[in-house]
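Participant: Have a look at the structure that comes next, please.
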Amino acid sequence: MAAPRYRGVSLSDLADARENEVSPSLDSLAPQVAEYVAAQRDLQLRKVLSVSLFDFNRTGGSMVVDILGRDKAFAVVDKDGLGGTGFIRAEVLFHVVNGNPSDVHIDGHKILLQRDYAEMSPHVTVSLGDRLAVLEDDATGFRRSFPLGVGAIDEVHFKGVTTLQTPTTEMSVLSKNTLVRKLSKPSYFRNKPFIPLTVPLAPPAANKPVHYRQSAIAFHIWQSPKFQRGFLSHGCMRMRDSDLYELLTFVEGVKDTLPVKIRVEKVAGAEHPFPYLTESFSEVHNFGSKERPLARKVKDSEGSYLTKLHTTKHAPPAIEMLTGMTLDPAALGPVPGGLMERDNLPHDTDD
C-alpha cells in the first residue's frame, strides 16, 4: 500500500483540508468511511471518538483506518482489573461508481487488529516549531497527529537566544493520577480536561525509583472560539476539544504513564493539514531595553499571574532560529536545566 501524505490524522480533518492538499477522491471518501465505521455493529463500538487514516490504497479500493473508541470499544480480556477501552484497525473496502471519484460505494470491511489501551505502550512527541503533537505506539504502528497552539516567542529571559514559553523535555510523563477531567477554575477552561506534565525531580538512575513533581505546563483546550496553530500561549499546549479528549482517553487507558518528549524540531514523517498561523504571533513583552531586557508578570482577568505578552503582526521566527529551554533536571544547550516553570524565571518587579 502507498502511504498517504497525512498518515494518522482524522478523516474529518482530511475532509476539511484545502483542495490543494488532499486529492478529491480521498477528500470525498473520508466522511463516507467515517460514517460507515461509526454505524457498524460488527465493530462493537458503543462510541467512536475518531477515525484516523492509517494507509490508503486507491487502486485496490481499500482504506485502512484506526478506529478509536471508549466504553468497552470491543470485547477484551480484563488483565489485572485494567482494560475495557481500545482501538480497532480495520480495512474498509470500496469502489468508485462509474469512475466518478465523488460517488463511492462502501462494500464492507475486515478487522486487521484489536488492542486494549492497557496492552499498548504509546508515547507522545511534540514539535514546538511545527506546532504538532504525535501520539504513537511502536508495536502496532498506531499514530495520531494533533495540531497545537504552543508557547509565545521569548527573546527576553535569555539575551541573544530565542526560546519559547513552552519548555522542552525528554523525561516528562502524563499520568492519570494528576489529570483533571473538568477544570472549572480559572473559568476560561470551561470544565474541560487539563492534563499536566509531571517531571522527574532528578535524572533517572538505574535501580532507583523516579520521583516526579507536577508541572504547571499542560495540555488543555483552546480557550477562544476559533482554534489557531501558532505561537500564542503562556507555556501550555492548547488543543481542539476533540483532540484533547482523545489524548485524555490514552492517559486514562494505558496501564502506566504516557511518556512525553517535547522538542523544537519537527517529528520525522508527521504532518497535519490544519493551517499554521503565519501572519502574527505572541511574544514576551520587554519592559527593559534591548541591552537589558526585562519581563514582568501581570494578573489576568481571573487573578492568575502570567508573563506579560503582546501580539506581533508578522510571520514568526523559523524553526531553525528557536532554542529549547528544558523542564528536565539537566542543562540543555545555552540555557539552564531544572527550572520549575517558565514563569519562575527572574522577572523585574519594580513599578
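Ligands are numbered from 1 in the order shown, chains are lettered A, B, ... in the order of the C-alpha cells, and residues start at 1 in each chain.
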Just list as a ChimeraX atom specification whatever in stretch 3-146 of chain A DSSP marks as helix (DSSP H, G or I).
Facilitator: /A:11-16,24-39,41-43,97-99,117-119
Participant: For N, CA, C and O atoms, I'd like the residues from the last selection saved as a compact mmCIF listing (two decimals), in the first residue's frame.
Facilitator:
```txt
# COMPACT_ATOMS: atom_id res chain seq x y z
N LEU A 11 -10.18 11.47 9.68
CA LEU A 11 -10.84 11.59 8.38
C LEU A 11 -11.59 12.90 8.26
O LEU A 11 -11.72 13.45 7.16
N SER A 12 -12.10 13.41 9.37
CA SER A 12 -12.77 14.71 9.31
C SER A 12 -11.78 15.81 8.97
O SER A 12 -12.11 16.77 8.28
N ASP A 13 -10.53 15.69 9.46
CA ASP A 13 -9.51 16.66 9.09
C ASP A 13 -9.22 16.60 7.59
O ASP A 13 -9.05 17.64 6.94
N LEU A 14 -9.16 15.39 7.06
CA LEU A 14 -8.91 15.27 5.63
C LEU A 14 -10.05 15.85 4.82
O LEU A 14 -9.85 16.49 3.80
N ALA A 15 -11.28 15.62 5.29
CA ALA A 15 -12.44 16.14 4.57
C ALA A 15 -12.47 17.66 4.60
O ALA A 15 -12.99 18.29 3.67
N ASP A 16 -11.93 18.25 5.66
CA ASP A 16 -11.93 19.71 5.79
C ASP A 16 -10.71 20.37 5.18
O ASP A 16 -10.62 21.60 5.13
N PRO A 24 -9.09 14.92 -4.48
CA PRO A 24 -10.56 14.92 -4.41
C PRO A 24 -11.14 13.57 -4.05
O PRO A 24 -12.13 13.48 -3.33
N SER A 25 -10.55 12.47 -4.52
CA SER A 25 -11.10 11.15 -4.23
C SER A 25 -11.01 10.83 -2.75
O SER A 25 -11.95 10.32 -2.15
N LEU A 26 -9.88 11.12 -2.13
CA LEU A 26 -9.72 10.88 -0.70
C LEU A 26 -10.57 11.86 0.10
O LEU A 26 -11.16 11.50 1.12
N ASP A 27 -10.66 13.10 -0.38
CA ASP A 27 -11.45 14.11 0.31
C ASP A 27 -12.92 13.69 0.38
O ASP A 27 -13.57 13.80 1.41
N SER A 28 -13.47 13.16 -0.71
CA SER A 28 -14.87 12.77 -0.73
C SER A 28 -15.10 11.45 -0.02
O SER A 28 -16.17 11.20 0.53
N LEU A 29 -14.09 10.59 -0.01
CA LEU A 29 -14.24 9.29 0.62
C LEU A 29 -14.21 9.38 2.14
O LEU A 29 -14.89 8.60 2.83
N ALA A 30 -13.44 10.31 2.67
CA ALA A 30 -13.22 10.38 4.11
C ALA A 30 -14.50 10.40 4.94
O ALA A 30 -14.67 9.57 5.84
N PRO A 31 -15.44 11.33 4.71
CA PRO A 31 -16.63 11.35 5.55
C PRO A 31 -17.50 10.11 5.39
O PRO A 31 -18.16 9.68 6.34
N GLN A 32 -17.50 9.51 4.19
CA GLN A 32 -18.29 8.31 3.98
C GLN A 32 -17.74 7.14 4.78
O GLN A 32 -18.48 6.37 5.38
N VAL A 33 -16.43 7.00 4.81
CA VAL A 33 -15.82 5.93 5.59
C VAL A 33 -16.08 6.15 7.08
O VAL A 33 -16.41 5.22 7.81
N ALA A 34 -15.94 7.39 7.53
CA ALA A 34 -16.16 7.69 8.95
C ALA A 34 -17.60 7.35 9.34
O ALA A 34 -17.85 6.76 10.40
N GLU A 35 -18.56 7.71 8.51
CA GLU A 35 -19.96 7.43 8.80
C GLU A 35 -20.23 5.92 8.78
O GLU A 35 -20.94 5.39 9.64
N TYR A 36 -19.63 5.23 7.83
CA TYR A 36 -19.82 3.78 7.75
C TYR A 36 -19.27 3.09 8.99
O TYR A 36 -19.94 2.25 9.60
N VAL A 37 -18.03 3.42 9.36
CA VAL A 37 -17.40 2.77 10.51
C VAL A 37 -18.19 3.03 11.79
O VAL A 37 -18.39 2.14 12.61
N ALA A 38 -18.66 4.24 11.96
CA ALA A 38 -19.41 4.59 13.17
C ALA A 38 -20.70 3.80 13.27
O ALA A 38 -21.22 3.57 14.36
N ALA A 39 -21.24 3.36 12.14
CA ALA A 39 -22.55 2.71 12.14
C ALA A 39 -22.47 1.19 12.24
O ALA A 39 -23.49 0.52 12.39
N ARG A 41 -22.26 -2.31 13.67
CA ARG A 41 -22.39 -3.03 14.93
C ARG A 41 -21.31 -4.11 15.05
O ARG A 41 -20.92 -4.51 16.14
N ASP A 42 -20.82 -4.59 13.89
CA ASP A 42 -19.82 -5.65 13.93
C ASP A 42 -18.53 -5.19 14.59
O ASP A 42 -17.75 -6.00 15.08
N LEU A 43 -18.29 -3.89 14.59
CA LEU A 43 -17.09 -3.37 15.23
C LEU A 43 -17.26 -3.23 16.74
O LEU A 43 -16.32 -2.90 17.44
N VAL A 97 -18.00 4.49 -8.24
CA VAL A 97 -19.10 4.21 -9.17
C VAL A 97 -18.91 5.00 -10.46
O VAL A 97 -18.78 6.23 -10.43
N ASN A 98 -18.89 4.28 -11.59
CA ASN A 98 -18.80 4.90 -12.93
C ASN A 98 -17.63 5.85 -13.06
O ASN A 98 -17.70 6.86 -13.77
N GLY A 99 -16.54 5.56 -12.35
CA GLY A 99 -15.35 6.38 -12.46
C GLY A 99 -15.45 7.76 -11.85
O GLY A 99 -14.56 8.59 -12.04
N TYR A 117 -6.12 -0.49 25.32
CA TYR A 117 -5.12 0.53 25.65
C TYR A 117 -4.13 0.04 26.68
O TYR A 117 -2.95 0.39 26.65
N ALA A 118 -4.59 -0.79 27.63
CA ALA A 118 -3.70 -1.28 28.68
C ALA A 118 -2.64 -2.23 28.14
O ALA A 118 -1.66 -2.52 28.81
N GLU A 119 -2.84 -2.72 26.91
CA GLU A 119 -1.85 -3.59 26.28
C GLU A 119 -0.88 -2.80 25.41
O GLU A 119 0.06 -3.37 24.86
```
Participant: Using DSSP on the backbone coordinates, identify the residues of stretch 260-323 of chain A assigned to strand (DSSP E); present them as a list of chain:residue names.
Facilitator: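 DSSP on the backbone gives strand (DSSP E) at A:Val260, A:Lys261, A:Ile262, A:Arg263, A:Phe281, A:Ser282, A:Glu283, A:Val284, A:Lys297, A:Val298, A:Lys299, A:Tyr305, A:Leu306, A:Thr307, A:Leu309, A:His310, A:Thr311, A:Thr312.
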Participant: I'd like the neighbourhood of A:Lys182 as a list in words, where a residue qualifies if any of its atoms comes within 7 Å (using only C-alpha atoms), though same-chain residues fewer than 2 positions away should be ignored.
Facilitator: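 In the requested form, the answer reads Val180, Ser184, Asn191, Lys192 and Pro193 of chain A.
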Participant: Would you pick out the contacts of stretch 219-230 of chain A at 6 Å or less, using only C-alpha atoms, so that residues sharing its chain but fewer than 3 positions from it are not included, and give the list as a PyMOL selection string?
Facilitator: chain A and resi 148-149+194-195+237-241+276-277
Participant: When you count only C-alpha atoms, which of these residues is closest to A:Val150: A:Ile88, A:Ala315, A:Val173, A:Leu132?
Facilitator: A:Leu132
Participant: So the first atom is atom CA of A:Ser52 and the second is atom CA of A:Glu252; what is the distance between them in Å, to one decimal place?
Facilitator: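 Atom CA of A:Glu252 lies 19.8 Å from atom CA of A:Ser52.
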Participant: Where does stretch 59-169 of chain A meet stretch 320-330 of chain A within 9 Å, residue by residue, with the nearest atom pair and distance in Å to one decimal for each, counting only C-alpha atoms, listed by chain and rising number, as a tab-separated table?
Facilitator:
```
residue	atom	partner	partner_atom	distance
A:Leu128	CA	A:Gly324	CA	8.9
A:Gly129	CA	A:Leu322	CA	7.6
A:Ile153	CA	A:Leu322	CA	8.6
A:Val161	CA	A:Thr323	CA	6.9
A:Thr162	CA	A:Leu322	CA	5.3
A:Thr163	CA	A:Thr323	CA	4.9
A:Leu164	CA	A:Gly324	CA	7.0
A:Gln165	CA	A:Met325	CA	8.4
A:Thr166	CA	A:Met325	CA	7.9
A:Pro167	CA	A:Met325	CA	4.9
A:Thr168	CA	A:Thr326	CA	4.4
A:Thr169	CA	A:Thr326	CA	5.4
```
Participant: Keeping only C-alpha atoms, write those residues as a PDB file, in the first residue's frame.
Facilitator:
```pdb
ATOM      1  CA  LEU A 128       7.136  23.102  19.184  1.00  0.00           C
ATOM      2  CA  GLY A 129       8.470  24.520  15.935  1.00  0.00           C
ATOM      3  CA  ILE A 153       8.275  33.587  21.416  1.00  0.00           C
ATOM      4  CA  VAL A 161      18.688  33.414  22.476  1.00  0.00           C
ATOM      5  CA  THR A 162      15.187  32.931  21.067  1.00  0.00           C
ATOM      6  CA  THR A 163      13.272  30.400  23.149  1.00  0.00           C
ATOM      7  CA  LEU A 164       9.594  29.590  23.664  1.00  0.00           C
ATOM      8  CA  GLN A 165       7.284  29.899  26.646  1.00  0.00           C
ATOM      9  CA  THR A 166       6.688  26.151  26.324  1.00  0.00           C
ATOM     10  CA  PRO A 167       9.747  24.312  27.665  1.00  0.00           C
ATOM     11  CA  THR A 168      11.249  21.183  26.166  1.00  0.00           C
ATOM     12  CA  THR A 169      11.575  17.845  27.949  1.00  0.00           C
TER      13      THR A 169
END
```
Participant: Which of these, A:Leu309, A:Leu247, A:Leu49, A:Ala202, has the shortest distance to A:His123 once you count only C-alpha atoms?
Facilitator: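 Among A:Leu309, A:Leu247, A:Leu49, A:Ala202, it is A:Leu247 that comes nearest to A:His123.
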